[in-house]
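Visitor: model.pdb is the file, holding PDB, C-alpha atoms, pLDDT in the B column:
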```pdb
ATOM      1  CA  MET A   1      23.170  -5.377 -12.110  1.00 56.00           C
ATOM      2  CA  THR A   2      25.265  -3.121 -14.307  1.00 63.00           C
ATOM      3  CA  ASP A   3      28.556  -1.648 -13.199  1.00 76.00           C
ATOM      4  CA  ILE A   4      27.876   1.023 -10.596  1.00 78.00           C
ATOM      5  CA  PRO A   5      30.824   3.299  -9.663  1.00 80.00           C
ATOM      6  CA  THR A   6      31.979   3.481  -6.074  1.00 81.00           C
ATOM      7  CA  TRP A   7      30.813   7.032  -5.396  1.00 83.00           C
ATOM      8  CA  ALA A   8      27.241   5.907  -5.965  1.00 82.00           C
ATOM      9  CA  ALA A   9      27.347   2.340  -4.676  1.00 85.00           C
ATOM     10  CA  LEU A  10      28.796   3.109  -1.252  1.00 89.00           C
ATOM     11  CA  PRO A  11      26.261   5.742  -0.083  1.00 90.00           C
ATOM     12  CA  ALA A  12      23.427   3.867  -1.778  1.00 90.00           C
ATOM     13  CA  GLY A  13      24.318   0.685   0.101  1.00 90.00           C
ATOM     14  CA  VAL A  14      24.563   2.503   3.433  1.00 92.00           C
ATOM     15  CA  LEU A  15      21.235   4.248   2.785  1.00 92.00           C
ATOM     16  CA  LEU A  16      19.587   0.964   1.828  1.00 92.00           C
ATOM     17  CA  ILE A  17      20.751  -0.769   5.005  1.00 93.00           C
ATOM     18  CA  GLY A  18      19.586   2.170   7.112  1.00 93.00           C
ATOM     19  CA  GLY A  19      16.227   2.335   5.377  1.00 92.00           C
ATOM     20  CA  GLY A  20      15.633  -1.384   5.766  1.00 93.00           C
ATOM     21  CA  LEU A  21      16.487  -1.267   9.459  1.00 93.00           C
ATOM     22  CA  LEU A  22      14.216   1.742  10.055  1.00 92.00           C
ATOM     23  CA  THR A  23      11.361   0.036   8.254  1.00 93.00           C
ATOM     24  CA  VAL A  24      11.676  -3.194  10.195  1.00 92.00           C
ATOM     25  CA  ILE A  25      11.909  -1.333  13.527  1.00 93.00           C
ATOM     26  CA  GLY A  26       8.790   0.643  12.656  1.00 92.00           C
ATOM     27  CA  SER A  27       6.762  -2.420  11.727  1.00 92.00           C
ATOM     28  CA  PHE A  28       8.034  -4.251  14.812  1.00 92.00           C
ATOM     29  CA  GLY A  29       6.667  -1.389  16.893  1.00 91.00           C
ATOM     30  CA  LEU A  30       3.379  -1.686  15.056  1.00 90.00           C
ATOM     31  CA  TRP A  31       3.265  -5.327  16.049  1.00 90.00           C
ATOM     32  CA  ARG A  32       4.336  -5.010  19.694  1.00 90.00           C
ATOM     33  CA  LEU A  33       3.007  -1.776  21.174  1.00 88.00           C
ATOM     34  CA  PRO A  34       0.019  -2.010  23.533  1.00 87.00           C
ATOM     35  CA  ASN A  35      -2.770   0.268  22.235  1.00 86.00           C
ATOM     36  CA  PHE A  36      -3.802   1.981  19.034  1.00 87.00           C
ATOM     37  CA  PHE A  37      -2.566   5.481  19.813  1.00 88.00           C
ATOM     38  CA  ALA A  38       0.856   4.108  20.656  1.00 89.00           C
ATOM     39  CA  ARG A  39       0.799   1.961  17.536  1.00 89.00           C
ATOM     40  CA  MET A  40       0.208   4.979  15.306  1.00 89.00           C
ATOM     41  CA  HIS A  41       3.742   6.304  15.856  1.00 90.00           C
ATOM     42  CA  PRO A  42       6.219   3.591  14.756  1.00 91.00           C
ATOM     43  CA  PRO A  43       5.058   3.086  11.136  1.00 89.00           C
ATOM     44  CA  ALA A  44       5.529   6.810  10.514  1.00 88.00           C
ATOM     45  CA  MET A  45       9.250   6.284  11.009  1.00 87.00           C
ATOM     46  CA  GLY A  46       9.369   3.671   8.272  1.00 83.00           C
ATOM     47  CA  ASN A  47       7.046   5.707   6.082  1.00 85.00           C
ATOM     48  CA  THR A  48       9.093   8.897   6.183  1.00 88.00           C
ATOM     49  CA  LEU A  49      12.738   8.225   6.980  1.00 90.00           C
ATOM     50  CA  GLY A  50      12.981   4.668   5.658  1.00 90.00           C
ATOM     51  CA  LEU A  51      11.193   5.566   2.446  1.00 90.00           C
ATOM     52  CA  GLY A  52      13.374   8.669   2.040  1.00 91.00           C
ATOM     53  CA  CYS A  53      16.566   6.627   2.465  1.00 91.00           C
ATOM     54  CA  VAL A  54      15.476   4.027  -0.091  1.00 91.00           C
ATOM     55  CA  LEU A  55      14.347   6.697  -2.560  1.00 91.00           C
ATOM     56  CA  ILE A  56      17.659   8.584  -2.332  1.00 91.00           C
ATOM     57  CA  ALA A  57      19.498   5.289  -2.856  1.00 90.00           C
ATOM     58  CA  SER A  58      17.319   4.545  -5.870  1.00 89.00           C
ATOM     59  CA  MET A  59      18.036   8.005  -7.309  1.00 89.00           C
ATOM     60  CA  LEU A  60      21.781   7.502  -6.833  1.00 89.00           C
ATOM     61  CA  VAL A  61      21.868   4.051  -8.429  1.00 88.00           C
ATOM     62  CA  THR A  62      19.651   4.981 -11.374  1.00 86.00           C
ATOM     63  CA  SER A  63      21.593   8.171 -12.027  1.00 87.00           C
ATOM     64  CA  ALA A  64      24.887   6.292 -11.964  1.00 86.00           C
ATOM     65  CA  ALA A  65      23.573   3.467 -14.163  1.00 83.00           C
ATOM     66  CA  THR A  66      22.124   5.688 -16.888  1.00 82.00           C
ATOM     67  CA  ALA A  67      24.865   8.375 -16.635  1.00 81.00           C
ATOM     68  CA  ARG A  68      22.352  11.209 -16.362  1.00 83.00           C
ATOM     69  CA  PRO A  69      20.563  12.712 -13.369  1.00 84.00           C
ATOM     70  CA  VAL A  70      17.284  10.896 -12.694  1.00 81.00           C
ATOM     71  CA  ILE A  71      15.080  12.681 -10.180  1.00 82.00           C
ATOM     72  CA  HIS A  72      11.601  11.316 -10.810  1.00 83.00           C
ATOM     73  CA  GLU A  73      11.665   9.470  -7.475  1.00 84.00           C
ATOM     74  CA  VAL A  74      10.989  12.897  -5.973  1.00 88.00           C
ATOM     75  CA  LEU A  75       7.390  12.361  -7.134  1.00 88.00           C
ATOM     76  CA  ILE A  76       6.906   9.459  -4.705  1.00 88.00           C
ATOM     77  CA  THR A  77       8.525  11.458  -1.909  1.00 88.00           C
ATOM     78  CA  LEU A  78       6.245  14.434  -2.508  1.00 89.00           C
ATOM     79  CA  PHE A  79       3.165  12.224  -2.722  1.00 89.00           C
ATOM     80  CA  VAL A  80       3.887  10.262   0.448  1.00 88.00           C
ATOM     81  CA  VAL A  81       4.887  13.363   2.404  1.00 88.00           C
ATOM     82  CA  MET A  82       1.631  15.027   1.379  1.00 90.00           C
ATOM     83  CA  THR A  83      -0.666  12.054   2.002  1.00 90.00           C
ATOM     84  CA  ALA A  84       0.717  10.237   5.080  1.00 89.00           C
ATOM     85  CA  PRO A  85      -0.394  12.922   7.591  1.00 90.00           C
ATOM     86  CA  VAL A  86      -3.886  12.993   6.071  1.00 91.00           C
ATOM     87  CA  THR A  87      -4.296   9.252   6.597  1.00 91.00           C
ATOM     88  CA  ALA A  88      -2.869   9.438  10.115  1.00 90.00           C
ATOM     89  CA  MET A  89      -5.211  12.296  11.080  1.00 91.00           C
ATOM     90  CA  THR A  90      -8.244  10.494   9.677  1.00 91.00           C
ATOM     91  CA  LEU A  91      -7.411   7.262  11.498  1.00 90.00           C
ATOM     92  CA  ALA A  92      -6.751   9.068  14.774  1.00 90.00           C
ATOM     93  CA  ARG A  93     -10.046  10.923  14.545  1.00 90.00           C
ATOM     94  CA  ALA A  94     -11.852   7.669  13.700  1.00 89.00           C
ATOM     95  CA  ALA A  95     -10.256   5.969  16.706  1.00 89.00           C
ATOM     96  CA  ILE A  96     -11.259   8.798  19.061  1.00 88.00           C
ATOM     97  CA  TYR A  97     -14.792   8.828  17.654  1.00 86.00           C
ATOM     98  CA  ARG A  98     -15.239   5.080  17.956  1.00 83.00           C
ATOM     99  CA  ARG A  99     -13.749   4.995  21.468  1.00 81.00           C
ATOM    100  CA  ASP A 100     -16.069   7.759  22.673  1.00 77.00           C
ATOM    101  CA  ARG A 101     -19.087   6.152  21.084  1.00 74.00           C
ATOM    102  CA  ARG A 102     -18.268   2.819  22.620  1.00 67.00           C
ATOM    103  CA  SER A 103     -17.762   4.237  26.126  1.00 66.00           C
ATOM    104  CA  GLN A 104     -21.037   6.121  26.426  1.00 62.00           C
ATOM    105  CA  PRO A 105     -24.184   4.090  27.087  1.00 59.00           C
ATOM    106  CA  GLY A 106     -26.998   4.232  24.629  1.00 54.00           C
ATOM    107  CA  PRO A 107     -29.401   2.194  22.598  1.00 53.00           C
ATOM    108  CA  ARG A 108     -27.087   2.078  19.565  1.00 53.00           C
ATOM    109  CA  GLU A 109     -24.350  -0.451  19.998  1.00 47.00           C
ATOM    110  CA  LEU A 110     -21.311  -0.165  17.761  1.00 47.00           C
TER     111      LEU A 110
ATOM    112  CA  MET B   1      31.838  -2.422  -4.921  1.00 62.00           C
ATOM    113  CA  ASN B   2      28.910  -4.026  -6.669  1.00 80.00           C
ATOM    114  CA  THR B   3      29.065  -6.907  -4.224  1.00 85.00           C
ATOM    115  CA  PHE B   4      28.480  -4.451  -1.365  1.00 87.00           C
ATOM    116  CA  LEU B   5      25.508  -2.936  -3.172  1.00 88.00           C
ATOM    117  CA  GLY B   6      24.093  -6.387  -3.865  1.00 87.00           C
ATOM    118  CA  PHE B   7      24.509  -7.328  -0.225  1.00 90.00           C
ATOM    119  CA  ALA B   8      22.828  -4.073   0.825  1.00 90.00           C
ATOM    120  CA  VAL B   9      19.869  -4.650  -1.499  1.00 91.00           C
ATOM    121  CA  SER B  10      19.465  -8.228  -0.262  1.00 92.00           C
ATOM    122  CA  PHE B  11      19.699  -7.179   3.394  1.00 92.00           C
ATOM    123  CA  ALA B  12      17.189  -4.355   2.918  1.00 92.00           C
ATOM    124  CA  SER B  13      14.796  -6.660   1.064  1.00 93.00           C
ATOM    125  CA  LEU B  14      15.021  -9.152   3.925  1.00 93.00           C
ATOM    126  CA  CYS B  15      14.336  -6.396   6.454  1.00 92.00           C
ATOM    127  CA  VAL B  16      11.323  -5.098   4.551  1.00 93.00           C
ATOM    128  CA  THR B  17       9.960  -8.620   4.108  1.00 94.00           C
ATOM    129  CA  LEU B  18      10.191  -9.074   7.876  1.00 93.00           C
ATOM    130  CA  ALA B  19       8.426  -5.735   8.302  1.00 93.00           C
ATOM    131  CA  MET B  20       5.666  -6.923   5.970  1.00 93.00           C
ATOM    132  CA  LEU B  21       5.272 -10.036   8.141  1.00 94.00           C
ATOM    133  CA  PHE B  22       4.919  -7.864  11.254  1.00 93.00           C
ATOM    134  CA  ALA B  23       2.336  -5.680   9.537  1.00 92.00           C
ATOM    135  CA  LEU B  24       0.488  -8.813   8.393  1.00 93.00           C
ATOM    136  CA  ALA B  25       0.440 -10.126  11.974  1.00 93.00           C
ATOM    137  CA  ARG B  26      -1.086  -6.852  13.155  1.00 91.00           C
ATOM    138  CA  LEU B  27      -3.536  -6.990  10.262  1.00 92.00           C
ATOM    139  CA  PHE B  28      -4.768 -10.415  11.347  1.00 91.00           C
ATOM    140  CA  LEU B  29      -4.798 -10.024  15.139  1.00 87.00           C
ATOM    141  CA  GLY B  30      -5.570  -6.329  15.435  1.00 77.00           C
ATOM    142  CA  PRO B  31      -8.333  -5.944  18.002  1.00 83.00           C
ATOM    143  CA  SER B  32     -10.121  -2.988  16.404  1.00 85.00           C
ATOM    144  CA  ALA B  33     -10.854  -1.978  12.825  1.00 87.00           C
ATOM    145  CA  GLN B  34      -8.571   1.062  12.825  1.00 87.00           C
ATOM    146  CA  ASP B  35      -5.663  -1.186  13.792  1.00 90.00           C
ATOM    147  CA  ARG B  36      -6.287  -3.226  10.683  1.00 92.00           C
ATOM    148  CA  VAL B  37      -6.490  -0.116   8.503  1.00 92.00           C
ATOM    149  CA  LEU B  38      -3.207   1.175   9.921  1.00 92.00           C
ATOM    150  CA  ALA B  39      -1.574  -2.225   9.337  1.00 92.00           C
ATOM    151  CA  LEU B  40      -2.851  -2.236   5.744  1.00 92.00           C
ATOM    152  CA  ASP B  41      -1.393   1.235   5.171  1.00 92.00           C
ATOM    153  CA  THR B  42       1.980   0.097   6.534  1.00 92.00           C
ATOM    154  CA  PHE B  43       1.745  -3.022   4.388  1.00 93.00           C
ATOM    155  CA  TYR B  44       1.241  -0.900   1.267  1.00 92.00           C
ATOM    156  CA  VAL B  45       4.266   1.273   2.009  1.00 92.00           C
ATOM    157  CA  ASN B  46       6.424  -1.793   2.672  1.00 92.00           C
ATOM    158  CA  GLY B  47       5.344  -3.337  -0.610  1.00 92.00           C
ATOM    159  CA  MET B  48       6.282  -0.120  -2.374  1.00 92.00           C
ATOM    160  CA  LEU B  49       9.732  -0.299  -0.751  1.00 92.00           C
ATOM    161  CA  ILE B  50      10.123  -3.889  -2.004  1.00 92.00           C
ATOM    162  CA  LEU B  51       9.302  -2.717  -5.529  1.00 91.00           C
ATOM    163  CA  LEU B  52      11.839   0.111  -5.304  1.00 90.00           C
ATOM    164  CA  MET B  53      14.489  -2.353  -4.171  1.00 91.00           C
ATOM    165  CA  LEU B  54      13.671  -4.636  -7.087  1.00 91.00           C
ATOM    166  CA  GLY B  55      14.118  -1.583  -9.331  1.00 88.00           C
ATOM    167  CA  ILE B  56      17.532  -0.912  -7.802  1.00 87.00           C
ATOM    168  CA  ARG B  57      18.534  -4.547  -8.255  1.00 86.00           C
ATOM    169  CA  SER B  58      17.537  -4.736 -11.903  1.00 83.00           C
ATOM    170  CA  ALA B  59      18.451  -1.076 -12.695  1.00 73.00           C
ATOM    171  CA  SER B  60      15.252  -0.546 -14.682  1.00 76.00           C
ATOM    172  CA  THR B  61      12.709   2.239 -14.381  1.00 77.00           C
ATOM    173  CA  ALA B  62       9.656   0.023 -14.942  1.00 84.00           C
ATOM    174  CA  TYR B  63       9.342  -0.660 -11.215  1.00 87.00           C
ATOM    175  CA  PHE B  64       9.121   3.041 -10.456  1.00 87.00           C
ATOM    176  CA  ASP B  65       5.712   3.379 -12.131  1.00 88.00           C
ATOM    177  CA  MET B  66       4.389   0.415 -10.164  1.00 89.00           C
ATOM    178  CA  ALA B  67       5.676   1.968  -6.940  1.00 90.00           C
ATOM    179  CA  LEU B  68       3.935   5.257  -7.739  1.00 90.00           C
ATOM    180  CA  LEU B  69       0.679   3.434  -8.495  1.00 91.00           C
ATOM    181  CA  ILE B  70       0.908   1.470  -5.244  1.00 91.00           C
ATOM    182  CA  ALA B  71       1.449   4.704  -3.305  1.00 90.00           C
ATOM    183  CA  LEU B  72      -1.609   6.208  -5.009  1.00 92.00           C
ATOM    184  CA  PHE B  73      -3.913   3.238  -4.419  1.00 92.00           C
ATOM    185  CA  GLY B  74      -2.669   2.768  -0.869  1.00 91.00           C
ATOM    186  CA  PHE B  75      -3.566   6.336  -0.039  1.00 92.00           C
ATOM    187  CA  VAL B  76      -6.989   6.063  -1.657  1.00 92.00           C
ATOM    188  CA  GLY B  77      -7.756   2.784   0.107  1.00 92.00           C
ATOM    189  CA  SER B  78      -6.621   3.925   3.549  1.00 91.00           C
ATOM    190  CA  MET B  79      -8.449   7.228   3.150  1.00 91.00           C
ATOM    191  CA  ALA B  80     -11.685   5.511   2.105  1.00 91.00           C
ATOM    192  CA  LEU B  81     -11.521   3.048   5.013  1.00 91.00           C
ATOM    193  CA  GLY B  82     -10.691   5.791   7.506  1.00 90.00           C
ATOM    194  CA  LYS B  83     -13.520   7.941   6.209  1.00 90.00           C
ATOM    195  CA  PHE B  84     -15.873   4.994   6.516  1.00 90.00           C
ATOM    196  CA  LEU B  85     -14.829   4.390  10.110  1.00 88.00           C
ATOM    197  CA  LEU B  86     -15.206   8.063  10.901  1.00 86.00           C
ATOM    198  CA  ARG B  87     -18.469   8.908   9.200  1.00 82.00           C
ATOM    199  CA  GLY B  88     -20.207   5.668   8.317  1.00 79.00           C
ATOM    200  CA  GLU B  89     -20.045   6.256   4.575  1.00 77.00           C
ATOM    201  CA  VAL B  90     -17.290   7.101   2.148  1.00 76.00           C
ATOM    202  CA  ILE B  91     -18.814   9.654  -0.208  1.00 76.00           C
ATOM    203  CA  GLU B  92     -21.387  11.776   1.531  1.00 73.00           C
ATOM    204  CA  PRO B  93     -24.255  13.341  -0.385  1.00 68.00           C
TER     205      PRO B  93
END
```
Show how you would write the structure in this file as structure tokens.

Guide:
Amino acid sequence: MTDIPTWAALPAGVLLIGGGLLTVIGSFGLWRLPNFFARMHPPAMGNTLGLGCVLIASMLVTSAATARPVIHEVLITLFVVMTAPVTAMTLARAAIYRRDRRSQPGPREL
Amino acid sequence: MNTFLGFAVSFASLCVTLAMLFALARLFLGPSAQDRVLALDTFYVNGMLILLMLGIRSASTAYFDMALLIALFGFVGSMALGKFLLRGEVIEP
């Protein structure tokens, strides 16, 4: 690791620790919560806030290491912010559809 | 100050590795198919975070492209599996 000045290393370290903790809390919720609709919520915390913290830390460290502003991590942020709700909506609709189809009697078993 | 940053990167990598283990547990013991798809999506995002932390540790921009590709393929995979669970086929005629 090259020499990173203090003004970048201190906030980057704090953001990294916060992002790691948010991610592990989110995945722990994914492991422990009782049903699917409760389990949908915790990974969103790691996906949005944890990812944002790590990306800002990465921008800080890369900008300080190369001595010029590097902002191409914004691409990942934009992509994940645009696509995470689409996946969540699709999975929630699939879960509702499969639950309703399983609960009603009929000749077609799922 | 670099020792603090190194400690922070190591701690965050440990946390995200633990998170990947939790997501893997849900992937293996999830009772329904949508649980497994959600766990796979979380697993992809955690792997992308690991790659970004490796990029911070080695101060190179090569890991960034891999992280972007993993985000792209994770979205495509989760979307295809969710669409399959919802409709029964991925690309409808």

Visitor: Identify, on the basis of all atoms listed in the file, every residue whose closest approach to Cys53 (chain A) does not exceed 10 Å; exclude the query and any residue fewer than 4 positions from it along the same chain; express the result as a list in words.

Guide: Ala12, Val14, Leu15, Leu16, Ile17, Gly18, Gly19, Gly20, Leu22, Gly46, Thr48, Leu49, Ala57, Ser58 and Met59 of chain A

Visitor: Those residues with C-alpha atoms, as an mmCIF file, in the frame of the given file please?

Guide:
```
data_model
loop_
_atom_site.group_PDB
_atom_site.id
_atom_site.type_symbol
_atom_site.label_atom_id
_atom_site.label_comp_id
_atom_site.auth_asym_id
_atom_site.auth_seq_id
_atom_site.Cartn_x
_atom_site.Cartn_y
_atom_site.Cartn_z
ATOM 1 C CA ALA A 12 23.427 3.867 -1.778
ATOM 2 C CA VAL A 14 24.563 2.503 3.433
ATOM 3 C CA LEU A 15 21.235 4.248 2.785
ATOM 4 C CA LEU A 16 19.587 0.964 1.828
ATOM 5 C CA ILE A 17 20.751 -0.769 5.005
ATOM 6 C CA GLY A 18 19.586 2.170 7.112
ATOM 7 C CA GLY A 19 16.227 2.335 5.377
ATOM 8 C CA GLY A 20 15.633 -1.384 5.766
ATOM 9 C CA LEU A 22 14.216 1.742 10.055
ATOM 10 C CA GLY A 46 9.369 3.671 8.272
ATOM 11 C CA THR A 48 9.093 8.897 6.183
ATOM 12 C CA LEU A 49 12.738 8.225 6.980
ATOM 13 C CA ALA A 57 19.498 5.289 -2.856
ATOM 14 C CA SER A 58 17.319 4.545 -5.870
ATOM 15 C CA MET A 59 18.036 8.005 -7.309
#
```

Visitor: Which one of A:Ser63, A:Arg99, A:Ile76, A:Pro42 sits closest to chain B if you count all atoms listed in the file?

Guide: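 Checking each candidate against chain B, we get A:Ile76 as the closest.
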
Visitor: Excluding region 60-70 of chain B and any residue of its chain fewer than 4 positions from it, enumerate the residues within 9 Å of it, using all atoms listed in the file, and give them as a ChimeraX atom specification.

Guide: /A:62,72-73,75-76,79 /B:44-45,47-56,74-75

Visitor: How about saving the chosen residues, C-alpha atoms kept, as a tab-separated table (two decimals), in the coordinates of the input?

Guide:
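The file below, selection_35.tsv, is the result:
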```
chain	number	residue	atom	x	y	z
A	62	THR	CA	19.65	4.98	-11.37
A	72	HIS	CA	11.60	11.32	-10.81
A	73	GLU	CA	11.66	9.47	-7.48
A	75	LEU	CA	7.39	12.36	-7.13
A	76	ILE	CA	6.91	9.46	-4.70
A	79	PHE	CA	3.16	12.22	-2.72
B	44	TYR	CA	1.24	-0.90	1.27
B	45	VAL	CA	4.27	1.27	2.01
B	47	GLY	CA	5.34	-3.34	-0.61
B	48	MET	CA	6.28	-0.12	-2.37
B	49	LEU	CA	9.73	-0.30	-0.75
B	50	ILE	CA	10.12	-3.89	-2.00
B	51	LEU	CA	9.30	-2.72	-5.53
B	52	LEU	CA	11.84	0.11	-5.30
B	53	MET	CA	14.49	-2.35	-4.17
B	54	LEU	CA	13.67	-4.64	-7.09
B	55	GLY	CA	14.12	-1.58	-9.33
B	56	ILE	CA	17.53	-0.91	-7.80
B	74	GLY	CA	-2.67	2.77	-0.87
B	75	PHE	CA	-3.57	6.34	-0.04
```

Visitor: What are the residues of chain B that have an atom within 7 Å of an atom of chain A, counting only C-alpha atoms, as a ChimeraX atom specification?

Guide: /B:1-2,4-5,8-9,11-12,15-16,18-19,22-23,25-26,34-35,42,45,49,56-59,68,75,78-79,82-83,85-86

Visitor: So the first atom is CA of Ser10 (chain B) and the second is CA of Ile56 (chain A); what is the distance between them in Å, to one decimal place?

Guide: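 Straight-line distance from CA of Ser10 (chain B) to CA of Ile56 (chain A) works out to 17.0 Å.
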
Visitor: Please report the interatomic distance between CA of Asp100 (chain A) and CA of Pro31 (chain B) in Å with one decimal.

Guide: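 Computing it gives 16.4 Å between the two atoms.
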